file upload_8.cif (mmCIF, C-alpha atoms)
data_upload
loop_
_atom_site.label_atom_id
_atom_site.label_comp_id
_atom_site.auth_asym_id
_atom_site.auth_seq_id
_atom_site.Cartn_x
_atom_site.Cartn_y
_atom_site.Cartn_z
CA MET A 1 -6.32 -1.73 28.70
CA ARG A 2 -4.66 -0.94 25.42
CA LYS A 3 -2.77 1.89 27.01
CA GLY A 4 -1.40 -0.42 29.66
CA MET A 5 -0.36 -2.81 26.95
CA LEU A 6 1.46 -0.04 25.15
CA GLU A 7 3.38 0.91 28.25
CA TYR A 8 4.33 -2.67 28.83
CA CYS A 9 5.51 -3.13 25.27
CA VAL A 10 7.60 0.03 25.36
CA LEU A 11 9.27 -1.12 28.54
CA LEU A 12 9.84 -4.55 27.07
CA GLN A 13 11.52 -3.12 24.06
CA LEU A 14 13.73 -0.80 26.05
CA ALA A 15 14.71 -3.69 28.28
CA ARG A 16 16.27 -5.33 25.26
CA HIS A 17 18.23 -2.32 24.14
CA ASP A 18 18.11 1.42 24.35
CA ALA A 19 16.21 3.07 21.56
CA TYR A 20 15.04 6.39 20.33
CA ALA A 21 11.44 7.24 19.62
CA SER A 22 11.36 6.39 15.91
CA GLU A 23 12.73 2.91 16.51
CA ILE A 24 10.10 2.25 19.12
CA ILE A 25 7.45 3.56 16.77
CA ALA A 26 8.61 1.31 13.98
CA SER A 27 8.38 -1.81 16.07
CA LEU A 28 5.06 -0.84 17.64
CA LYS A 29 3.65 -0.22 14.19
CA GLU A 30 4.87 -3.55 13.04
CA ALA A 31 3.11 -5.12 15.97
CA ARG A 32 -0.02 -3.11 15.08
CA LEU A 33 -0.14 -1.66 18.55
CA ILE A 34 -0.43 1.96 17.55
CA VAL A 35 -2.20 3.67 14.73
CA VAL A 36 -0.93 7.20 15.09
CA GLU A 37 2.62 7.90 16.04
CA GLY A 38 1.80 10.78 18.33
CA THR A 39 0.47 8.37 20.93
CA LEU A 40 3.96 7.41 21.93
CA TYR A 41 5.40 10.79 22.88
CA PRO A 42 3.14 11.65 25.82
CA LEU A 43 3.65 8.10 27.02
CA LEU A 44 7.45 8.31 26.91
CA THR A 45 7.41 11.65 28.66
CA ARG A 46 5.13 10.36 31.37
CA LEU A 47 7.23 7.23 31.92
CA LYS A 48 10.31 9.39 32.10
CA ASN A 49 8.72 11.77 34.59
CA ASP A 50 7.61 8.81 36.67
CA GLY A 51 11.22 7.78 36.84
CA LEU A 52 10.90 4.56 34.87
CA LEU A 53 12.93 5.83 31.95
CA SER A 54 15.86 8.10 31.46
CA TYR A 55 17.30 9.47 28.28
CA ARG A 56 20.55 10.76 26.88
CA TRP A 57 21.24 12.74 23.75
CA GLU A 58 23.15 11.01 21.05
CA GLU A 59 24.49 12.49 17.87
CA SER A 60 23.13 10.93 14.72
CA THR A 61 24.85 10.80 11.38
CA SER A 62 21.82 12.34 9.73
CA GLY A 63 19.92 15.18 11.26
CA PRO A 64 19.71 16.51 14.78
CA PRO A 65 20.76 14.58 17.88
CA ARG A 66 18.39 11.92 19.08
CA LYS A 67 16.94 11.17 22.45
CA TYR A 68 17.89 7.65 23.39
CA TYR A 69 15.70 6.22 26.11
CA SER A 70 16.82 3.54 28.53
CA LEU A 71 15.25 1.82 31.51
CA THR A 72 16.13 2.97 34.99
CA ALA A 73 16.42 0.60 37.91
CA GLU A 74 12.90 1.58 38.84
CA GLY A 75 11.83 0.88 35.30
CA ARG A 76 13.24 -2.60 35.47
CA GLU A 77 11.40 -3.19 38.69
CA SER A 78 8.07 -2.16 37.32
CA LEU A 79 8.73 -4.15 34.17
CA GLN A 80 9.27 -7.17 36.38
CA ALA A 81 5.96 -6.41 38.10
CA LEU A 82 4.22 -6.05 34.78
CA ASP A 83 5.79 -9.29 33.57
CA ASP A 84 4.37 -11.11 36.55
CA ALA A 85 0.96 -9.50 36.08
CA TRP A 86 1.00 -10.41 32.43
CA THR A 87 1.90 -14.02 33.09
CA GLU A 88 -0.90 -14.21 35.59
CA ILE A 89 -3.47 -12.66 33.27
CA ASN A 90 -2.26 -14.83 30.45
CA GLY A 91 -2.69 -17.94 32.58
CA THR A 92 -6.18 -16.94 33.66
CA VAL A 93 -7.33 -16.08 30.18
CA GLY A 94 -5.69 -19.22 28.84
CA ILE A 95 -7.78 -21.31 31.18
CA LEU A 96 -10.95 -19.46 30.25
CA ARG A 97 -10.28 -19.71 26.54
CA ASN A 98 -9.49 -23.36 26.64
CA PRO A 99 -12.33 -25.15 24.76
CA SER A 100 -12.40 -27.91 27.32
CA PHE A 101 -13.28 -25.38 29.99
CA SER A 102 -16.91 -26.04 30.89
CA VAL A 103 -18.24 -22.45 30.93
CA SER A 104 -18.13 -20.98 27.43
CA SER A 105 -16.86 -17.46 27.51
CA SER A 106 -18.48 -15.19 25.01
CA ASP A 107 -16.53 -12.24 26.32
CA SER A 108 -12.84 -12.51 25.90
CA MET B 1 2.36 29.83 -7.68
CA LYS B 2 2.90 29.76 -3.96
CA LYS B 3 4.87 31.75 -1.49
CA THR B 4 7.58 29.64 0.05
CA PHE B 5 9.91 30.41 2.88
CA PRO B 6 12.46 28.67 5.04
CA ALA B 7 11.20 27.35 8.35
CA ASN B 8 13.21 25.99 11.22
CA ILE B 9 11.71 22.69 12.29
CA HIS B 10 13.66 21.38 15.23
CA GLY B 11 16.95 22.76 14.09
CA THR B 12 16.79 21.97 10.39
CA ILE B 13 15.82 24.41 7.72
CA PHE B 14 13.04 23.29 5.42
CA TYR B 15 11.57 25.25 2.59
CA ILE B 16 7.86 25.17 3.13
CA ASP B 17 4.87 26.49 1.22
CA GLU B 18 2.91 29.16 2.95
CA ASP B 19 -0.30 27.15 3.21
CA ALA B 20 1.63 24.15 4.45
CA TYR B 21 3.35 26.32 7.03
CA VAL B 22 0.04 27.68 8.28
CA ARG B 23 -1.40 24.21 8.66
CA LEU B 24 1.65 22.81 10.43
CA ASN B 25 1.75 25.83 12.69
CA ASN B 26 -1.92 25.34 13.59
CA TYR B 27 -1.25 21.72 14.34
CA LEU B 28 1.66 22.47 16.64
CA ASP B 29 -0.42 25.17 18.31
CA GLN B 30 -3.12 22.63 19.02
CA LEU B 31 -0.57 20.27 20.48
CA HIS B 32 0.73 23.05 22.71
CA LYS B 33 -2.79 23.72 23.93
CA ALA B 34 -3.49 20.04 24.47
CA PHE B 35 -0.28 19.42 26.39
CA PRO B 36 0.35 22.35 28.69
CA GLY B 37 3.26 22.91 31.01
CA THR B 38 6.87 21.82 30.85
CA GLU B 39 5.82 18.24 30.24
CA GLY B 40 3.82 19.41 27.25
CA GLU B 41 6.77 21.39 26.03
CA GLU B 42 8.81 18.25 25.97
CA ILE B 43 6.11 16.24 24.17
CA THR B 44 5.64 18.79 21.42
CA GLY B 45 9.38 19.15 21.13
CA ASP B 46 9.71 15.42 20.56
CA ILE B 47 6.91 15.45 18.01
CA GLU B 48 8.57 18.31 16.21
CA ALA B 49 11.79 16.29 16.17
CA ARG B 50 9.89 13.41 14.63
CA ILE B 51 8.41 15.68 11.98
CA ASN B 52 11.91 16.88 11.24
CA GLU B 53 13.00 13.29 10.84
CA ILE B 54 10.13 12.36 8.54
CA LEU B 55 10.76 15.39 6.36
CA SER B 56 14.50 14.74 6.33
CA ILE B 57 13.91 11.20 5.09
CA ARG B 58 11.50 12.35 2.43
CA HIS B 59 13.65 15.18 1.17
CA GLU B 60 16.91 13.41 1.37
CA GLY B 61 19.23 14.18 -1.47
CA ARG B 62 17.08 16.82 -3.08
CA SER B 63 16.02 20.26 -2.07
CA GLY B 64 12.28 19.87 -2.28
CA VAL B 65 9.67 22.18 -0.92
CA VAL B 66 7.37 20.91 1.81
CA SER B 67 3.87 20.97 0.40
CA ILE B 68 0.54 21.08 2.16
CA LEU B 69 -0.10 17.53 1.08
CA GLU B 70 2.98 16.35 2.90
CA VAL B 71 1.97 18.25 5.99
CA ASP B 72 -1.45 16.64 5.89
CA GLU B 73 0.11 13.22 5.57
CA ILE B 74 2.40 13.87 8.49
CA ILE B 75 -0.43 15.17 10.63
CA GLU B 76 -2.43 12.09 9.77
CA GLN B 77 0.52 9.93 10.66
CA MET B 78 1.09 11.69 13.97
CA GLY B 79 -2.56 11.86 14.94
CA THR B 80 -4.70 14.44 16.71
CA PRO B 81 -4.07 15.48 20.29
CA GLN B 82 -7.09 13.39 21.24
CA ASP B 83 -5.61 10.39 19.49
CA MET B 84 -2.52 10.84 21.58
CA GLY B 85 -4.50 10.60 24.76
CA ALA B 86 -4.50 14.28 25.59
CA PRO B 87 -7.06 15.29 28.21
CA GLU B 88 -10.28 16.18 26.39
CA THR B 89 -10.01 19.93 26.70
CA LYS B 90 -11.96 22.57 24.85
CA ASN B 91 -12.57 20.79 21.67
CA ASP B 92 -13.76 23.94 19.97
CA SER B 93 -10.22 25.22 19.87
CA SER B 94 -9.87 23.75 16.43
CA GLU B 95 -12.73 25.90 15.23
CA GLU B 96 -11.28 29.26 16.10
CA PRO B 97 -9.08 30.75 13.44
CA ALA B 98 -5.41 30.84 14.17
CA ASP B 99 -4.64 34.22 15.60
CA GLY B 100 -2.64 36.55 13.50
CA VAL B 101 -1.81 34.09 10.76
CA GLU B 102 -2.98 35.32 7.44
CA GLY B 103 -5.17 33.03 5.39
CA ALA B 104 -5.58 30.46 8.11
CA THR B 105 -9.15 29.74 7.14
CA ALA B 106 -8.58 26.12 6.30
CA PRO B 107 -9.91 23.83 9.01
CA PRO B 108 -7.45 21.43 10.55
CA PRO B 109 -7.27 18.49 8.21
CA PHE B 110 -7.15 15.88 10.91
CA ASN B 111 -10.87 15.57 11.46
CA ALA B 112 -11.11 11.81 11.43
CA GLU B 113 -13.05 10.39 8.49
CA GLU B 114 -13.00 13.44 6.30
CA GLN B 115 -9.71 12.52 4.75
CA LYS B 116 -9.97 8.79 4.83
CA ARG B 117 -11.42 8.02 1.42
CA PRO B 118 -10.61 10.48 -1.28
CA ALA B 119 -12.54 10.16 -4.52
CA LYS B 120 -11.08 7.63 -6.88
CA ARG B 121 -9.58 8.86 -10.07
CA LEU B 122 -9.54 7.14 -13.40
CA PHE B 123 -6.06 6.37 -14.65
CA ARG B 124 -4.56 3.89 -17.01
CA ASN B 125 -2.83 1.29 -14.91
CA GLU B 126 0.49 0.90 -16.63
CA ARG B 127 1.86 -1.36 -13.95
CA ASP B 128 -0.62 -4.07 -14.68
CA LYS B 129 -1.41 -3.79 -18.33
CA MET B 130 -1.75 -5.84 -21.46
CA LEU B 131 -1.94 -3.05 -23.98
CA GLY B 132 -2.42 0.35 -22.48
CA GLY B 133 -3.79 -0.47 -19.07
CA VAL B 134 -7.18 1.03 -19.92
CA LEU B 135 -9.29 -1.87 -18.70
CA SER B 136 -7.07 -2.43 -15.72
CA GLY B 137 -7.56 1.20 -14.75
CA ILE B 138 -11.31 1.06 -15.32
CA ALA B 139 -11.54 -2.13 -13.26
CA CYS B 140 -9.72 -0.34 -10.46
CA TYR B 141 -12.06 2.60 -10.76
CA LEU B 142 -15.20 0.48 -10.70
CA GLY B 143 -13.81 -1.95 -8.18
CA TRP B 144 -14.29 -4.89 -10.55
CA ASN B 145 -12.11 -7.86 -11.20
CA LYS B 146 -9.63 -7.06 -13.94
CA PHE B 147 -9.78 -10.45 -15.56
CA ILE B 148 -13.58 -10.50 -15.79
CA LEU B 149 -13.66 -7.01 -17.26
CA ARG B 150 -11.04 -7.93 -19.85
CA LEU B 151 -12.84 -11.10 -20.80
CA LEU B 152 -16.14 -9.26 -21.05
CA TYR B 153 -14.56 -6.61 -23.20
CA LEU B 154 -12.89 -9.13 -25.45
CA LEU B 155 -16.12 -11.07 -25.98
CA LEU B 156 -18.10 -7.90 -26.61
CA THR B 157 -15.51 -6.69 -29.05
CA LEU B 158 -15.18 -9.97 -30.92
CA PHE B 159 -18.91 -10.52 -31.33
CA THR B 160 -19.95 -7.09 -32.48
CA TYR B 161 -20.07 -5.99 -36.05
CA PHE B 162 -17.01 -3.96 -37.08
CA TRP B 163 -15.46 -4.28 -33.60
CA PRO B 164 -16.39 -0.90 -32.22
CA GLY B 165 -14.70 -1.93 -28.99
CA THR B 166 -11.29 -1.47 -30.56
CA PHE B 167 -12.12 2.11 -31.55
CA ILE B 168 -13.39 2.83 -28.07
CA TYR B 169 -10.28 1.29 -26.58
CA LEU B 170 -7.97 3.34 -28.73
CA ILE B 171 -9.81 6.54 -27.93
CA ALA B 172 -9.87 5.70 -24.21
CA TRP B 173 -6.17 4.98 -24.38
CA MET B 174 -5.45 8.36 -25.78
CA ILE B 175 -7.78 10.25 -23.47
CA ILE B 176 -7.27 8.60 -20.08
CA PRO B 177 -4.00 9.72 -18.53
CA PRO B 178 -1.57 7.08 -17.32
CA ALA B 179 -0.85 6.79 -13.62
CA ARG B 180 2.73 7.90 -13.29
CA THR B 181 3.50 8.71 -9.70
CA ARG B 182 2.87 6.64 -6.64
CA ARG B 183 0.30 9.20 -5.67
CA ASP B 184 -1.57 8.53 -8.91
CA TYR B 185 -1.61 4.85 -8.12
CA LEU B 186 -3.01 5.45 -4.68
CA GLU B 187 -5.67 7.75 -6.07
CA MET B 188 -6.50 5.21 -8.72
CA GLN B 189 -7.22 2.68 -6.01
CA GLY B 190 -9.02 5.22 -3.89
CA GLU B 191 -6.53 4.89 -1.07
CA PRO B 192 -5.65 7.86 1.04
CA VAL B 193 -2.29 9.30 0.15
CA THR B 194 -0.23 8.75 3.27
CA ILE B 195 3.37 7.94 3.86
CA SER B 196 2.71 4.39 4.94
CA ASN B 197 0.55 3.79 1.88
CA ILE B 198 3.18 5.18 -0.40
CA GLY B 199 5.64 2.78 1.15
CA ARG B 200 3.23 -0.07 0.67
CA THR B 201 2.86 0.48 -3.05
CA PHE B 202 6.47 -0.55 -3.44
CA LEU B 203 5.54 -4.01 -2.29
CA ASP B 204 2.44 -4.15 -4.45
CA GLU B 205 4.54 -3.19 -7.40
CA ARG B 206 6.74 -6.21 -6.90
CA LEU B 207 3.79 -8.50 -6.48
CA ALA B 208 1.98 -7.18 -9.53
CA SER B 209 4.94 -7.69 -11.82
CA ASP B 210 4.95 -11.37 -11.00
CA GLY B 211 1.34 -11.81 -12.00
CA ASN B 212 1.73 -11.60 -15.77
CA ASP B 213 0.75 -15.13 -16.61
CA ILE B 214 0.16 -16.94 -19.87
CA GLY B 215 -3.56 -16.18 -19.94
CA ALA B 216 -2.85 -12.49 -19.85
CA ARG B 217 -0.32 -12.79 -22.64
CA THR B 218 -2.75 -14.73 -24.81
CA ILE B 219 -5.42 -12.06 -24.44
CA SER B 220 -2.83 -9.43 -25.22
CA LEU B 221 -1.82 -11.33 -28.35
CA VAL B 222 -5.42 -11.74 -29.51
CA ILE B 223 -6.07 -8.04 -29.12
CA LYS B 224 -2.88 -7.25 -31.00
CA VAL B 225 -3.94 -9.49 -33.88
CA ILE B 226 -7.35 -7.82 -33.99
CA LEU B 227 -5.70 -4.43 -34.04
CA ALA B 228 -3.31 -5.50 -36.78
CA VAL B 229 -6.24 -6.69 -38.93
CA LEU B 230 -8.04 -3.45 -38.16
CA GLY B 231 -4.97 -1.46 -39.11
CA ILE B 232 -4.67 -3.24 -42.46
CA PHE B 233 -8.37 -2.72 -43.06
CA GLY B 234 -7.92 0.95 -42.20
CA LEU B 235 -5.04 1.21 -44.64
CA CYS B 236 -7.21 -0.28 -47.42
CA CYS B 237 -9.93 2.20 -46.50
CA VAL B 238 -7.50 5.08 -46.78
CA ILE B 239 -6.38 3.96 -50.24
CA GLY B 240 -9.90 3.23 -51.47
CA LEU B 241 -11.36 6.43 -50.11
CA THR B 242 -8.56 8.51 -51.59
CA ILE B 243 -9.28 7.04 -55.04
CA TYR B 244 -12.97 7.69 -54.52
CA LEU B 245 -12.23 11.25 -53.42
CA GLY B 246 -10.15 11.79 -56.54
CA ILE B 247 -12.97 10.56 -58.75
CA ARG B 248 -15.50 12.83 -57.08
CA ILE B 249 -13.28 15.89 -57.34
CA TRP B 250 -12.52 15.07 -60.94
CA GLY B 251 -16.26 14.70 -61.55
CA ILE B 252 -17.00 18.14 -60.15
CA ILE B 253 -14.18 19.72 -62.15
CA SER B 254 -15.24 18.08 -65.38
CA TYR B 255 -18.85 19.14 -64.75
CA ILE B 256 -17.90 22.74 -64.13
CA THR B 257 -15.44 23.01 -67.01
CA THR B 258 -17.04 20.87 -69.71
CA ASN B 259 -20.56 20.45 -68.34
CA ASN B 260 -20.03 16.70 -68.52
CA ILE B 261 -22.32 15.05 -65.95
CA TYR B 262 -21.27 11.49 -66.75
CA LEU B 263 -18.79 11.07 -63.87
CA ILE B 264 -21.06 12.64 -61.28
CA GLU B 265 -23.99 10.47 -62.19
CA ASN B 266 -22.00 7.26 -62.15
CA ALA B 267 -20.14 7.91 -58.93
CA SER B 268 -23.15 9.07 -56.92
CA PHE B 269 -24.75 7.00 -54.21
CA PRO B 270 -28.03 5.54 -55.48
CA VAL B 271 -29.77 6.84 -52.36
CA PHE B 272 -28.97 10.42 -53.12
CA ASN B 273 -29.49 9.96 -56.84
CA SER B 274 -28.40 13.35 -57.81
CA THR B 275 -31.20 15.78 -58.14
CA VAL B 276 -28.66 18.55 -57.89
CA PRO B 277 -25.43 17.80 -59.71
CA VAL B 278 -22.95 19.73 -57.53
CA LEU B 279 -24.23 19.51 -53.95
CA GLU B 280 -24.19 15.74 -53.68
CA PRO B 281 -20.62 15.29 -54.96
CA LEU B 282 -19.50 18.12 -52.72
CA GLY B 283 -21.03 16.32 -49.78
CA ALA B 284 -19.33 13.15 -50.88
CA VAL B 285 -16.01 15.00 -50.99
CA PHE B 286 -16.33 16.21 -47.40
CA GLY B 287 -17.62 12.85 -46.29
CA SER B 288 -14.74 10.97 -47.81
CA ILE B 289 -12.19 13.39 -46.34
CA ALA B 290 -13.75 12.74 -42.93
CA LEU B 291 -13.60 9.00 -43.44
CA ILE B 292 -10.02 9.16 -44.66
CA LEU B 293 -9.05 11.05 -41.50
CA ALA B 294 -10.88 8.50 -39.36
CA ALA B 295 -9.19 5.64 -41.15
CA ILE B 296 -5.79 7.29 -40.71
CA CYS B 297 -6.54 7.54 -36.99
CA VAL B 298 -7.31 3.85 -36.85
CA VAL B 299 -4.17 2.95 -38.75
CA TRP B 300 -2.06 5.20 -36.58
CA GLY B 301 -3.58 3.93 -33.36
CA SER B 302 -3.26 0.27 -34.18
CA ALA B 303 0.22 0.71 -35.61
CA SER B 304 1.32 2.39 -32.40
CA VAL B 305 0.10 -0.62 -30.43
CA VAL B 306 1.43 -3.34 -32.68
CA PHE B 307 4.78 -1.75 -33.43
CA LYS B 308 4.99 0.09 -30.11
CA THR B 309 5.63 3.40 -31.83
CA ARG B 310 4.71 6.77 -30.43
CA ARG B 311 1.02 7.23 -29.74
CA PRO B 312 -0.80 10.31 -31.02
CA ALA B 313 -1.26 12.91 -28.31
CA ALA B 314 -4.68 13.24 -26.70
CA SER B 315 -5.05 16.79 -28.03
CA THR B 316 -4.37 15.62 -31.57
CA VAL B 317 -7.02 12.96 -31.26
CA PHE B 318 -9.50 15.43 -29.84
CA THR B 319 -8.90 17.84 -32.70
CA LEU B 320 -9.22 15.07 -35.28
CA VAL B 321 -12.46 13.79 -33.77
CA VAL B 322 -13.94 17.29 -33.80
CA ILE B 323 -12.85 17.86 -37.42
CA ILE B 324 -14.21 14.48 -38.50
CA CYS B 325 -17.56 15.14 -36.83
CA ALA B 326 -17.80 18.60 -38.40
CA LEU B 327 -16.98 17.24 -41.86
CA LEU B 328 -19.50 14.41 -41.53
CA ALA B 329 -22.20 16.84 -40.42
CA LEU B 330 -21.43 19.09 -43.38
CA ALA B 331 -21.46 16.16 -45.80
CA GLY B 332 -24.73 14.87 -44.40
CA THR B 333 -26.38 18.27 -44.69
CA LEU B 334 -25.22 18.73 -48.27
CA MET B 335 -26.47 15.29 -49.30
CA MET B 336 -29.81 15.75 -47.62
CA VAL B 337 -30.29 19.11 -49.26
CA SER B 338 -29.33 17.72 -52.64
CA HIS B 339 -31.75 14.86 -52.16
CA TYR B 340 -34.78 16.86 -51.09
CA MET B 341 -34.30 19.95 -53.21
CA PRO B 342 -36.90 19.83 -56.01
CA HIS B 343 -35.63 19.54 -59.57
CA HIS B 344 -37.25 22.65 -60.90
CA LEU B 345 -35.46 24.88 -58.40
CA TYR B 346 -32.19 23.88 -59.86
CA TYR B 347 -32.82 23.60 -63.53
#
call {"tool": "encode", "arguments": {"input": "upload_8.cif", "output": "structure tokens"}}
result
Amino acid sequence: MRKGMLEYCVLLQLARHDAYASEIIASLKEARLIVVEGTLYPLLTRLKNDGLLSYRWEESTSGPPRKYYSLTAEGRESLQALDDAWTEINGTVGILRNPSFSVSSSDS
Amino acid sequence: MKKTFPANIHGTIFYIDEDAYVRLNNYLDQLHKAFPGTEGEEITGDIEARINEILSIRHEGRSGVVSILEVDEIIEQMGTPQDMGAPETKNDSSEEPADGVEGATAPPPFNAEEQKRPAKRLFRNERDKMLGGVLSGIACYLGWNKFILRLLYLLLTLFTYFWPGTFIYLIAWMIIPPARTRRDYLEMQGEPVTISNIGRTFLDERLASDGNDIGARTISLVIKVILAVLGIFGLCCVIGLTIYLGIRIWGIISYITTNNIYLIENASFPVFNSTVPVLEPLGAVFGSIALILAAICVVWGSASVVFKTRRPAASTVFTLVVIICALLALAGTLMMVSHYMPHHLYY
């Protein structure tokens, strides 16, 4: 569940603008989505190998060149799919969590 | 002393301690094992790049050496292969010693809870202090509320005879080291020393500096007044005791040279009413020297607080305390002997 969330969030962020790993980490940390940074790298590699992401090397002013990731067309498609899924889940959960809903849900 | 050598971490040269190198190498080895194949190669490469970045940021502008502590922090920050969602392979791989690397006996440091809560250390908290940060540091150490501890201390000190609390405070001030580095502050609070925590202390620092309210200043002022009074009292003691010491020495000299016992008899303590003319005054001499030293300590300590002059070093205080104790013991022994020694043995 959490893993799926992470994927979704990474795609979301890359949809806004291209980024390299440390930027993604910073924002995910801010959102308290990841505890250890290492989690991200296997994920990025997997997404890239699945064809959702691509990367290019970019020189940085400090240190070695950085890998900038961007969404591929396929990535955008699956992001769209995830968006839809998320909206749907959100709607369902929203109904269940609504206090006026007759069945109290202890498990959310 | 440690052996240090340059290591190439993703294209940048870092000087790294040998033990730190071994640990980092073990960690990367584990990652390689956890993520096999070309995909794994890429993952570990990216992680290495990140480590390079972290180290570059930390060592920016100065040519530091990467220590084992830093490596541990980075490993904690990056997480174990299992944390990263690696397939749960042979978990015992962390147990086997790294092949061919000398001195690789240290277990990987990223074994979950082990590192989470290091023991707290007692420091003086100079960031949130009224005088020397002693109570603030102790409160941190015990996990108490600073204000309550200060209030408790102040009440205890004010309502005890001769204010022993002030002596204890001064001694504690000299003995407990101040927290200087950010690492010290983290250890003082019992927080693990990690990069994110070190970053966080910056914020805390800002917050703490705003919290010096009027109540705190009042307490600080009261303690300063007490110390000033104590210092003046100490000064009087020094003067009085020096005069007394002079009289006693004069008494001994006049007894030895002219056999005149008048001064000795009149200056003696009634308790030790001199059965032996020389031992008791000799004891009194040592005793008064000890007390003069103690009084000087008090004057010095309180003056350093009130006038913010240089404090005596901890080693100086230690030495003085030892000397004072030795002198007092000697004086006590001499007086006891002089008191209990029968007359006829002497005369």
call {"tool": "closest_residue", "arguments": {"input": "upload_8.cif", "among": "B:Gly11, B:Met335, B:Gly132, B:Arg310", "to": "Ile171 in chain B", "atoms": "all atoms listed in the file"}}
result
B:Gly132
call {"tool": "closest_residue", "arguments": {"input": "upload_8.cif", "among": "A:Ser60, A:Thr45, A:Ser54, A:Gln13", "to": "chain B", "atoms": "all atoms listed in the file"}}
result
A:Thr45
call {"tool": "closest_atom_pairs", "arguments": {"input": "upload_8.cif", "of": "chain A", "to": "chain B", "cutoff": "9 Å", "atoms": "only C-alpha atoms", "output": "JSON lines"}}
result
{"residue": "A:Ala21", "atom": "CA", "partner": "B:Arg50", "partner_atom": "CA", "distance": 8.1}
{"residue": "A:Ser22", "atom": "CA", "partner": "B:Arg50", "partner_atom": "CA", "distance": 7.3}
{"residue": "A:Val35", "atom": "CA", "partner": "B:Gln77", "partner_atom": "CA", "distance": 7.9}
{"residue": "A:Val36", "atom": "CA", "partner": "B:Gly79", "partner_atom": "CA", "distance": 4.9}
{"residue": "A:Glu37", "atom": "CA", "partner": "B:Met78", "partner_atom": "CA", "distance": 4.6}
{"residue": "A:Gly38", "atom": "CA", "partner": "B:Met78", "partner_atom": "CA", "distance": 4.5}
{"residue": "A:Thr39", "atom": "CA", "partner": "B:Met84", "partner_atom": "CA", "distance": 3.9}
{"residue": "A:Leu40", "atom": "CA", "partner": "B:Met84", "partner_atom": "CA", "distance": 7.3}
{"residue": "A:Tyr41", "atom": "CA", "partner": "B:Ile43", "partner_atom": "CA", "distance": 5.6}
{"residue": "A:Pro42", "atom": "CA", "partner": "B:Ile43", "partner_atom": "CA", "distance": 5.7}
{"residue": "A:Leu43", "atom": "CA", "partner": "B:Met84", "partner_atom": "CA", "distance": 8.7}
{"residue": "A:Leu44", "atom": "CA", "partner": "B:Ile43", "partner_atom": "CA", "distance": 8.5}
{"residue": "A:Thr45", "atom": "CA", "partner": "B:Ile43", "partner_atom": "CA", "distance": 6.6}
{"residue": "A:Arg46", "atom": "CA", "partner": "B:Glu39", "partner_atom": "CA", "distance": 8.0}
{"residue": "A:Asn49", "atom": "CA", "partner": "B:Glu39", "partner_atom": "CA", "distance": 8.3}
{"residue": "A:Ser62", "atom": "CA", "partner": "B:Ser56", "partner_atom": "CA", "distance": 8.4}
{"residue": "A:Gly63", "atom": "CA", "partner": "B:Glu53", "partner_atom": "CA", "distance": 7.2}
{"residue": "A:Pro64", "atom": "CA", "partner": "B:Gly11", "partner_atom": "CA", "distance": 6.9}
{"residue": "A:Arg66", "atom": "CA", "partner": "B:Ala49", "partner_atom": "CA", "distance": 8.4}
{"residue": "A:Lys67", "atom": "CA", "partner": "B:Asp46", "partner_atom": "CA", "distance": 8.6}
call {"tool": "resolve_selection", "arguments": {"input": "upload_8.cif", "expression": "the PyMOL selection byres ((chain B and resi 138) around 10)", "output": "count of residues only"}}
result
21
call {"tool": "axis_aligned_box", "arguments": {"input": "upload_8.cif", "around": "range 35-38 of chain A", "padding_each_side": "3 Å", "output": "AutoDock Vina command-line options"}}
result
--center_x 0.2 --center_y 7.2 --center_z 16.5 --size_x 10.8 --size_y 13.1 --size_z 9.6
call {"tool": "atom_distance", "arguments": {"input": "upload_8.cif", "atom1": "CA of Gln80 in chain A", "atom2": "CA of Arg16 in chain A"}}
result
13.3 Å
call {"tool": "atom_distance", "arguments": {"input": "upload_8.cif", "atom1": "CA of Ile289 in chain B", "atom2": "CA of Gly332 in chain B"}}
result
12.8 Å
call {"tool": "resolve_selection", "arguments": {"input": "upload_8.cif", "expression": "the PyMOL selection byres ((chain A and resi 56) around 7)", "output": "PDB file with C-alpha atoms, in the coordinates of the input"}}
result
ATOM      1  CA  TYR A  55      17.300   9.470  28.280  1.00  0.00           C
ATOM      2  CA  TRP A  57      21.240  12.740  23.750  1.00  0.00           C
ATOM      3  CA  GLU A  58      23.150  11.010  21.050  1.00  0.00           C
ATOM      4  CA  LYS A  67      16.940  11.170  22.450  1.00  0.00           C
ATOM      5  CA  TYR A  68      17.890   7.650  23.390  1.00  0.00           C
ATOM      6  CA  TYR A  69      15.700   6.220  26.110  1.00  0.00           C
TER       7      TYR A  69
END
call {"tool": "residues_around", "arguments": {"input": "upload_8.cif", "residues": "Tyr8 in chain A", "least_positions_apart": "6", "cutoff": "12 Å", "atoms": "all atoms listed in the file", "output": "compact mmCIF listing (two decimals) with C-alpha atoms, keeping the file's coordinate frame"}}
result
# COMPACT_ATOMS: atom_id res chain seq x y z
CA MET A 1 -6.32 -1.73 28.70
CA ARG A 2 -4.66 -0.94 25.42
CA LEU A 14 13.73 -0.80 26.05
CA ALA A 15 14.71 -3.69 28.28
CA LEU A 28 5.06 -0.84 17.64
CA LEU A 33 -0.14 -1.66 18.55
CA LEU A 43 3.65 8.10 27.02
CA LEU A 44 7.45 8.31 26.91
CA LEU A 47 7.23 7.23 31.92
CA LEU A 52 10.90 4.56 34.87
CA GLY A 75 11.83 0.88 35.30
CA ARG A 76 13.24 -2.60 35.47
CA SER A 78 8.07 -2.16 37.32
CA LEU A 79 8.73 -4.15 34.17
CA GLN A 80 9.27 -7.17 36.38
CA ALA A 81 5.96 -6.41 38.10
CA LEU A 82 4.22 -6.05 34.78
CA ASP A 83 5.79 -9.29 33.57
CA ASP A 84 4.37 -11.11 36.55
CA ALA A 85 0.96 -9.50 36.08
CA TRP A 86 1.00 -10.41 32.43
